[in-house]
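Here is the file target_10.txt (compact mmCIF, C-alpha atoms and all ligand atoms).
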```txt
# COMPACT_ATOMS: atom_id res chain seq x y z
CA VAL A 25 183.46 150.25 30.14
CA ALA A 26 182.86 152.30 33.28
CA GLU A 27 184.59 151.22 36.46
CA VAL A 28 182.83 150.57 39.73
CA SER A 29 183.63 153.41 42.13
CA LEU A 30 184.39 153.41 45.82
CA ASP A 31 181.14 155.31 46.39
CA GLU A 32 179.14 152.60 44.62
CA LEU A 33 180.75 149.90 46.74
CA VAL A 34 180.05 151.89 49.91
CA ALA A 35 176.44 152.08 48.69
CA TRP A 36 176.51 148.28 48.27
CA LEU A 37 177.42 147.75 51.93
CA ARG A 38 174.95 150.37 53.15
CA GLY A 39 172.24 148.80 51.02
CA PHE A 40 173.08 145.34 52.38
CA GLN A 41 172.76 146.71 55.91
CA LYS A 42 169.28 148.03 55.12
CA LEU A 43 168.16 144.77 53.54
CA VAL A 44 169.50 142.77 56.49
CA ALA A 45 167.72 145.08 58.94
CA ASP A 46 164.46 144.81 56.96
CA ASN A 47 164.80 141.00 56.87
CA ARG A 48 166.10 140.52 60.39
CA VAL A 49 162.97 138.77 61.65
CA TYR A 50 162.66 136.65 58.51
CA LEU A 51 166.30 135.48 58.65
CA THR A 52 165.89 134.59 62.30
CA GLU A 53 162.68 132.65 61.50
CA LEU A 54 164.57 130.65 58.90
CA ASP A 55 167.32 129.96 61.43
CA SER A 56 164.78 128.91 64.05
CA ALA A 57 163.72 126.06 61.72
CA VAL A 58 167.23 124.68 61.09
CA GLY A 59 169.53 126.36 63.64
CA ASP A 60 169.52 128.48 66.78
CA ALA A 61 167.34 131.40 65.69
CA ASP A 62 170.04 134.07 65.58
CA HIS A 63 171.05 134.60 61.94
CA GLY A 64 168.98 137.77 61.52
CA ALA A 65 170.23 139.19 64.80
CA ASN A 66 173.83 138.23 63.98
CA MET A 67 173.87 139.84 60.54
CA ASP A 68 171.94 142.91 61.70
CA ARG A 69 174.32 143.52 64.59
CA GLY A 70 177.34 143.08 62.34
CA MET A 71 176.19 145.26 59.46
CA ALA A 72 174.92 147.97 61.81
CA ALA A 73 178.42 148.09 63.32
CA VAL A 74 179.95 148.30 59.82
CA VAL A 75 177.76 151.29 58.91
CA THR A 76 178.53 153.01 62.22
CA LYS A 77 182.26 152.71 61.49
CA LEU A 78 181.78 154.09 57.97
CA ASP A 79 179.86 157.04 59.44
CA GLU A 80 182.68 157.70 61.91
CA ALA A 81 185.45 157.50 59.30
CA PRO A 82 184.65 157.33 55.58
CA ALA A 83 186.50 154.68 53.60
CA THR A 84 189.61 155.97 51.85
CA ALA A 85 190.14 153.12 49.36
CA LEU A 86 188.66 149.76 48.40
CA ASP A 87 190.98 147.75 50.64
CA ASP A 88 190.25 150.06 53.59
CA LEU A 89 186.49 149.69 52.99
CA PHE A 90 186.41 145.91 52.77
CA LYS A 91 189.11 145.11 55.33
CA ARG A 92 187.37 147.25 57.95
CA THR A 93 184.06 145.63 57.04
CA GLY A 94 185.54 142.15 57.42
CA MET A 95 187.28 142.90 60.70
CA THR A 96 184.12 144.49 62.11
CA LEU A 97 182.04 141.42 61.20
CA VAL A 98 184.59 139.04 62.70
CA SER A 99 184.67 141.03 65.95
CA THR A 100 180.94 141.75 66.34
CA VAL A 101 179.24 138.62 64.99
CA GLY A 102 179.59 135.36 66.81
CA GLY A 103 178.78 131.97 65.36
CA ALA A 104 179.47 130.70 61.88
CA SER A 105 178.39 133.71 59.86
CA GLY A 106 180.75 136.28 61.45
CA PRO A 107 184.01 134.56 60.48
CA LEU A 108 182.59 133.44 57.12
CA TYR A 109 181.26 136.83 55.97
CA GLY A 110 184.24 138.48 57.68
CA THR A 111 186.71 136.40 55.69
CA PHE A 112 184.74 137.04 52.50
CA PHE A 113 185.11 140.81 52.87
CA LEU A 114 188.73 140.67 54.06
CA ARG A 115 189.66 138.74 50.90
CA LEU A 116 187.76 141.24 48.77
CA GLY A 117 189.87 144.01 50.30
CA THR A 118 193.14 142.18 49.71
CA SER A 119 192.21 141.43 46.11
CA LEU A 120 191.09 144.99 45.24
CA GLY A 121 193.98 146.76 46.98
CA ALA A 122 194.41 150.48 47.66
CA SER A 123 192.58 151.71 44.57
CA SER A 124 189.40 153.77 44.34
CA ALA A 125 187.70 151.94 41.45
CA ALA A 126 187.51 148.45 39.97
CA SER A 127 186.62 147.04 36.56
CA ALA A 128 183.93 144.38 36.28
CA THR A 129 186.54 141.65 35.91
CA GLU A 130 188.54 142.96 38.89
CA LEU A 131 185.39 142.94 41.00
CA GLY A 132 184.62 139.42 39.78
CA ALA A 133 188.11 138.25 40.73
CA ALA A 134 187.76 139.85 44.17
CA LEU A 135 184.40 138.16 44.78
CA ARG A 136 186.02 134.87 43.72
CA ALA A 137 188.82 135.43 46.25
CA GLY A 138 186.12 136.00 48.85
CA LEU A 139 184.46 132.70 48.02
CA GLU A 140 187.81 130.93 48.29
CA GLY A 141 188.22 132.37 51.78
CA VAL A 142 184.76 131.13 52.77
CA VAL A 143 185.64 127.64 51.50
CA GLN A 144 189.02 127.63 53.27
CA ARG A 145 187.31 128.47 56.54
CA GLY A 146 184.13 126.46 56.30
CA LYS A 147 185.01 123.63 53.88
CA ALA A 148 181.55 123.82 52.31
CA GLU A 149 180.91 122.21 48.94
CA ALA A 150 178.03 122.55 46.51
CA GLY A 151 174.84 121.06 47.92
CA ASP A 152 175.85 121.23 51.60
CA LYS A 153 172.97 123.68 52.18
CA THR A 154 175.04 126.72 53.14
CA MET A 155 175.76 130.24 51.91
CA TYR A 156 178.10 128.58 49.37
CA ASP A 157 175.02 127.42 47.43
CA ALA A 158 174.01 131.04 46.73
CA LEU A 159 177.53 132.50 46.52
CA ALA A 160 179.13 130.08 44.05
CA PRO A 161 176.42 130.28 41.35
CA ALA A 162 176.28 134.06 41.80
CA LEU A 163 179.99 134.34 41.05
CA ASP A 164 179.76 131.98 38.08
CA ALA A 165 177.01 134.21 36.68
CA PHE A 166 179.01 137.38 37.43
CA ASP A 167 182.10 136.00 35.67
CA GLY A 168 180.06 134.79 32.72
CA VAL A 169 178.73 138.27 32.04
CA ALA A 170 181.90 140.21 32.95
CA GLY A 171 184.11 137.76 31.02
CA SER A 172 182.16 138.34 27.82
CA GLY A 173 182.46 142.12 28.04
CA GLY A 174 179.35 142.90 30.08
CA SER A 175 179.29 145.80 32.52
CA ALA A 176 179.56 145.34 36.28
CA ALA A 177 175.89 146.35 36.55
CA GLU A 178 174.87 143.63 34.10
CA ALA A 179 177.09 141.12 35.88
CA ALA A 180 175.63 142.07 39.27
CA HIS A 181 172.10 141.64 37.97
CA ALA A 182 172.87 138.15 36.66
CA ALA A 183 174.62 137.35 39.95
CA PHE A 184 171.56 138.37 41.96
CA GLU A 185 169.28 136.16 39.87
CA ALA A 186 171.66 133.22 40.26
CA ALA A 187 172.01 133.80 44.01
CA ALA A 188 168.23 133.82 44.41
CA ALA A 189 167.93 130.58 42.43
CA GLY A 190 170.72 129.06 44.53
CA ARG A 191 168.97 130.15 47.71
CA ASP A 192 165.70 128.57 46.55
CA ALA A 193 167.50 125.35 45.63
CA THR A 194 168.69 124.94 49.25
CA ALA A 195 165.14 124.19 50.44
CA PRO A 196 165.02 120.44 49.66
CA LEU A 197 168.65 119.81 50.65
CA VAL A 198 169.80 117.96 53.77
CA ALA A 199 172.40 120.12 55.56
CA ARG A 200 175.94 118.76 55.74
CA LYS A 201 177.66 121.77 57.38
CA GLY A 202 176.96 124.03 60.34
CA ARG A 203 174.30 123.71 63.01
CA ALA A 204 171.60 122.66 60.53
CA SER A 205 173.56 119.44 59.90
CA TYR A 206 172.73 118.35 63.49
CA LEU A 207 169.11 117.97 62.30
CA GLY A 208 169.99 115.47 59.58
CA GLU A 209 167.02 114.70 57.32
CA ARG A 210 164.84 117.13 59.32
CA SER A 211 166.82 120.04 57.85
CA ALA A 212 165.17 119.36 54.47
CA GLY A 213 162.16 121.49 53.56
CA HIS A 214 163.61 124.80 54.80
CA LEU A 215 165.64 127.51 53.08
CA ASP A 216 169.18 127.92 54.39
CA PRO A 217 169.46 131.20 56.36
CA GLY A 218 172.99 132.00 55.15
CA ALA A 219 172.09 131.38 51.50
CA THR A 220 169.15 133.72 52.03
CA SER A 221 171.32 136.52 53.43
CA THR A 222 173.80 135.95 50.58
CA ALA A 223 171.00 136.53 48.06
CA LEU A 224 170.36 139.84 49.87
CA LEU A 225 174.06 140.66 49.45
CA PHE A 226 173.71 140.34 45.67
CA GLN A 227 170.36 142.14 45.63
CA ALA A 228 172.20 145.04 47.29
CA LEU A 229 175.03 144.88 44.74
CA ASP A 230 172.55 144.86 41.87
CA GLU A 231 170.75 147.88 43.35
CA ALA A 232 173.99 149.78 44.10
CA LEU A 233 175.31 149.36 40.55
CA GLY A 234 172.12 150.60 38.98
CA GLY A 235 169.60 147.77 39.25
P1 LIG A 301 175.38 129.94 63.78
O1 LIG A 301 174.97 128.75 62.95
O2 LIG A 301 176.71 129.78 64.40
O3 LIG A 301 174.30 130.34 64.76
P2 LIG A 301 174.41 131.91 61.91
O4 LIG A 301 173.06 131.44 62.31
O5 LIG A 301 174.64 133.37 61.94
O6 LIG A 301 175.54 131.18 62.76
O7 LIG A 301 174.73 131.46 60.41
C1 LIG A 301 174.27 130.22 59.92
C2 LIG A 301 174.61 130.11 58.45
O8 LIG A 301 176.01 129.99 58.28
C3 LIG A 301 174.04 128.87 57.80
O9 LIG A 301 172.72 129.08 57.36
C4 LIG A 301 175.00 128.61 56.64
O10 LIG A 301 174.58 129.27 55.46
C5 LIG A 301 176.27 129.24 57.11
N1 LIG A 301 177.26 128.21 57.43
C6 LIG A 301 177.35 127.48 58.55
N2 LIG A 301 178.42 126.66 58.50
C7 LIG A 301 179.01 126.89 57.29
C8 LIG A 301 180.17 126.38 56.61
N3 LIG A 301 180.94 125.44 57.20
N4 LIG A 301 180.48 126.86 55.39
C9 LIG A 301 179.69 127.81 54.81
N5 LIG A 301 178.61 128.33 55.39
C10 LIG A 301 178.27 127.88 56.61
MG MG A 302 172.32 130.57 63.97
MG MG A 303 174.41 131.02 66.74
```
I'd like the structure from this file rewritten - as structure tokens, please.
Ligand code: ADP
Ligand code: MG
Ligand code: MG
Amino acid sequence: VAEVSLDELVAWLRGFQKLVADNRVYLTELDSAVGDADHGANMDRGMAAVVTKLDEAPATALDDLFKRTGMTLVSTVGGASGPLYGTFFLRLGTSLGASSAASATELGAALRAGLEGVVQRGKAEAGDKTMYDALAPALDAFDGVAGSGGSAAEAAHAAFEAAAAGRDATAPLVARKGRASYLGERSAGHLDPGATSTALLFQALDEALGG
């Protein structure tokens, strides 16, 4: 089974940047309903900075790629999403190490380490109406495919579908974490912004690994 290359994972991050930029207004609209109307601006600023750094100095290995991405997000994005996405990518880098390719199961394990970092930082659980609700089912789907011998491309496609379903399932939920929780029952009836950007993250992975 073919490994996922450094170039493909660079393409993942560049593709995520494009999707975030294209959806900047939409993500901010979602956050205006349940938060402070900055999620699109936050993610766009952060991912634009990531791409600028990659243009200045190409990534030399998987840990270099993801650790720089994480540190850039932590330092350029305020609010909840900067440290959460930042930690996610830092953990990916630690898990993948100084190699230039990863198997589907190695990538799955790295994504799982990223989720664990998000949970350590934000303490979110299933149904809290956060990015966790897109991320956790995406990783379960990824592991299900990769664990039964599927390719990384097949696993990424299943992960995207599960992330999108998880995103959609946040709409009726009452938020229990982050700013949206201040709204109580009034947070119900709106998609979670972070779950929506997380679905874009897996859309980008699906596209980068061959759609
Ligand atoms: P802020 O809320 O600080 O303005 P953003 O608007 O950029 O930050 O990001 C909001 C998103 O962050 C939410 O939609 C949610 O998905 C995610 N989020 C907030 N708090 C948590 C948490 N404790 N755990 C996981 N995700 C969280
Ligand atoms: Mg916000
Ligand atoms: Mg904010």
| Shell of 7 Å around ligand LIG 301 (chain A) (all atoms listed in the file), written as a ChimeraX atom specification | /A:55,59-63,66-67,102-106,108,142-143,146-148,153-156,201-203,216-219
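Distance check against Ala179 (chain A) using all atoms listed in the file: of A:Thr129, A:Tyr50, A:Thr100, A:Phe113, the minimum falls on A:Thr129.
Between Ala150 (chain A) and the candidates A:Leu114, A:Ala193, A:Ala57, A:Leu51, the tightest atom-to-atom separation, counting only C-alpha atoms, involves A:Ala193.
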| Could you state the separation of CA of Ala126 (chain A) and CA of Thr222 (chain A) in Å, given to one decimal place? | 21.4 Å
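You can rank A:Glu80, A:Asp87, A:Glu185, A:Asp164 by their closest distance to Ser123 (chain A) using all atoms listed in the file, and at the top of that list sits A:Asp87.
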| request: Quick one: pull the distance between CA of Ala188 (chain A) and CA of Ala223 (chain A), Å, one decimal. | output: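 CA of Ala223 (chain A) lies 5.3 Å from CA of Ala188 (chain A).
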| Nearest to Ala212 (chain A) by atom-to-atom distance, counting only C-alpha atoms, from A:Thr194, A:Gln227, A:Thr111, A:Thr93 | A:Thr194
| request: Excluding Ala134 (chain A) and any residue of its chain fewer than 6 positions from it, enumerate the residues within 7 Å of it, using only C-alpha atoms, and give them as a ChimeraX atom specification. | output: /A:116,119-120
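When only C-alpha atoms are used to measure the gap to Val44 (chain A), the shortest distance among A:Val101, A:Ala26, A:Ala160, A:Ala228 belongs to A:Ala228.
Among the candidates A:Glu130, A:Ala122, A:Asp152, A:Ser99, the residue lying nearest to Gly208 (chain A) is A:Asp152 (atoms considered: all atoms listed in the file).
Of note, CA of Leu33 (chain A) and CA of Asp68 (chain A) are spaced 18.7 Å apart.
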What lies within 7 Å of Ala183 (chain A) using all atoms listed in the file, ignoring chain neighbours under 5 positions off, as a JSON list (two decimals) with C-alpha atoms, in the coordinates of the input?
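What landed in selection-v5.json:
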```
[["chain", "number", "residue", "atom", "x", "y", "z"],
["A", 162, "ALA", "CA", 176.28, 134.06, 41.80],
["A", 163, "LEU", "CA", 179.99, 134.34, 41.05],
["A", 165, "ALA", "CA", 177.01, 134.21, 36.68],
["A", 166, "PHE", "CA", 179.01, 137.38, 37.43],
["A", 226, "PHE", "CA", 173.71, 140.34, 45.67]]
```
| message | Given the point (186.3, 141.9, 58.6) in the coordinates of this file, which residues lie within 8 Å, counting only C-alpha atoms, and how would they look as a PyMOL selection string? | response | chain A and resi 90-99+107+109-114
| message | Show me the residues around (178.2, 147.3, 44.7) - criterion: an atom at most 9 Å away, only C-alpha atoms counted - as a list in words. | response |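 Residues lying no farther than 9 Å from the given point: Val28, Ser29, Leu30, Asp31, Glu32, Leu33, Val34, Ala35, Trp36, Leu37, Gly39, Ala176, Ala177, Ala180, Phe226, Ala228, Leu229, Asp230, Glu231, Ala232, Leu233 and Gly234 of chain A.
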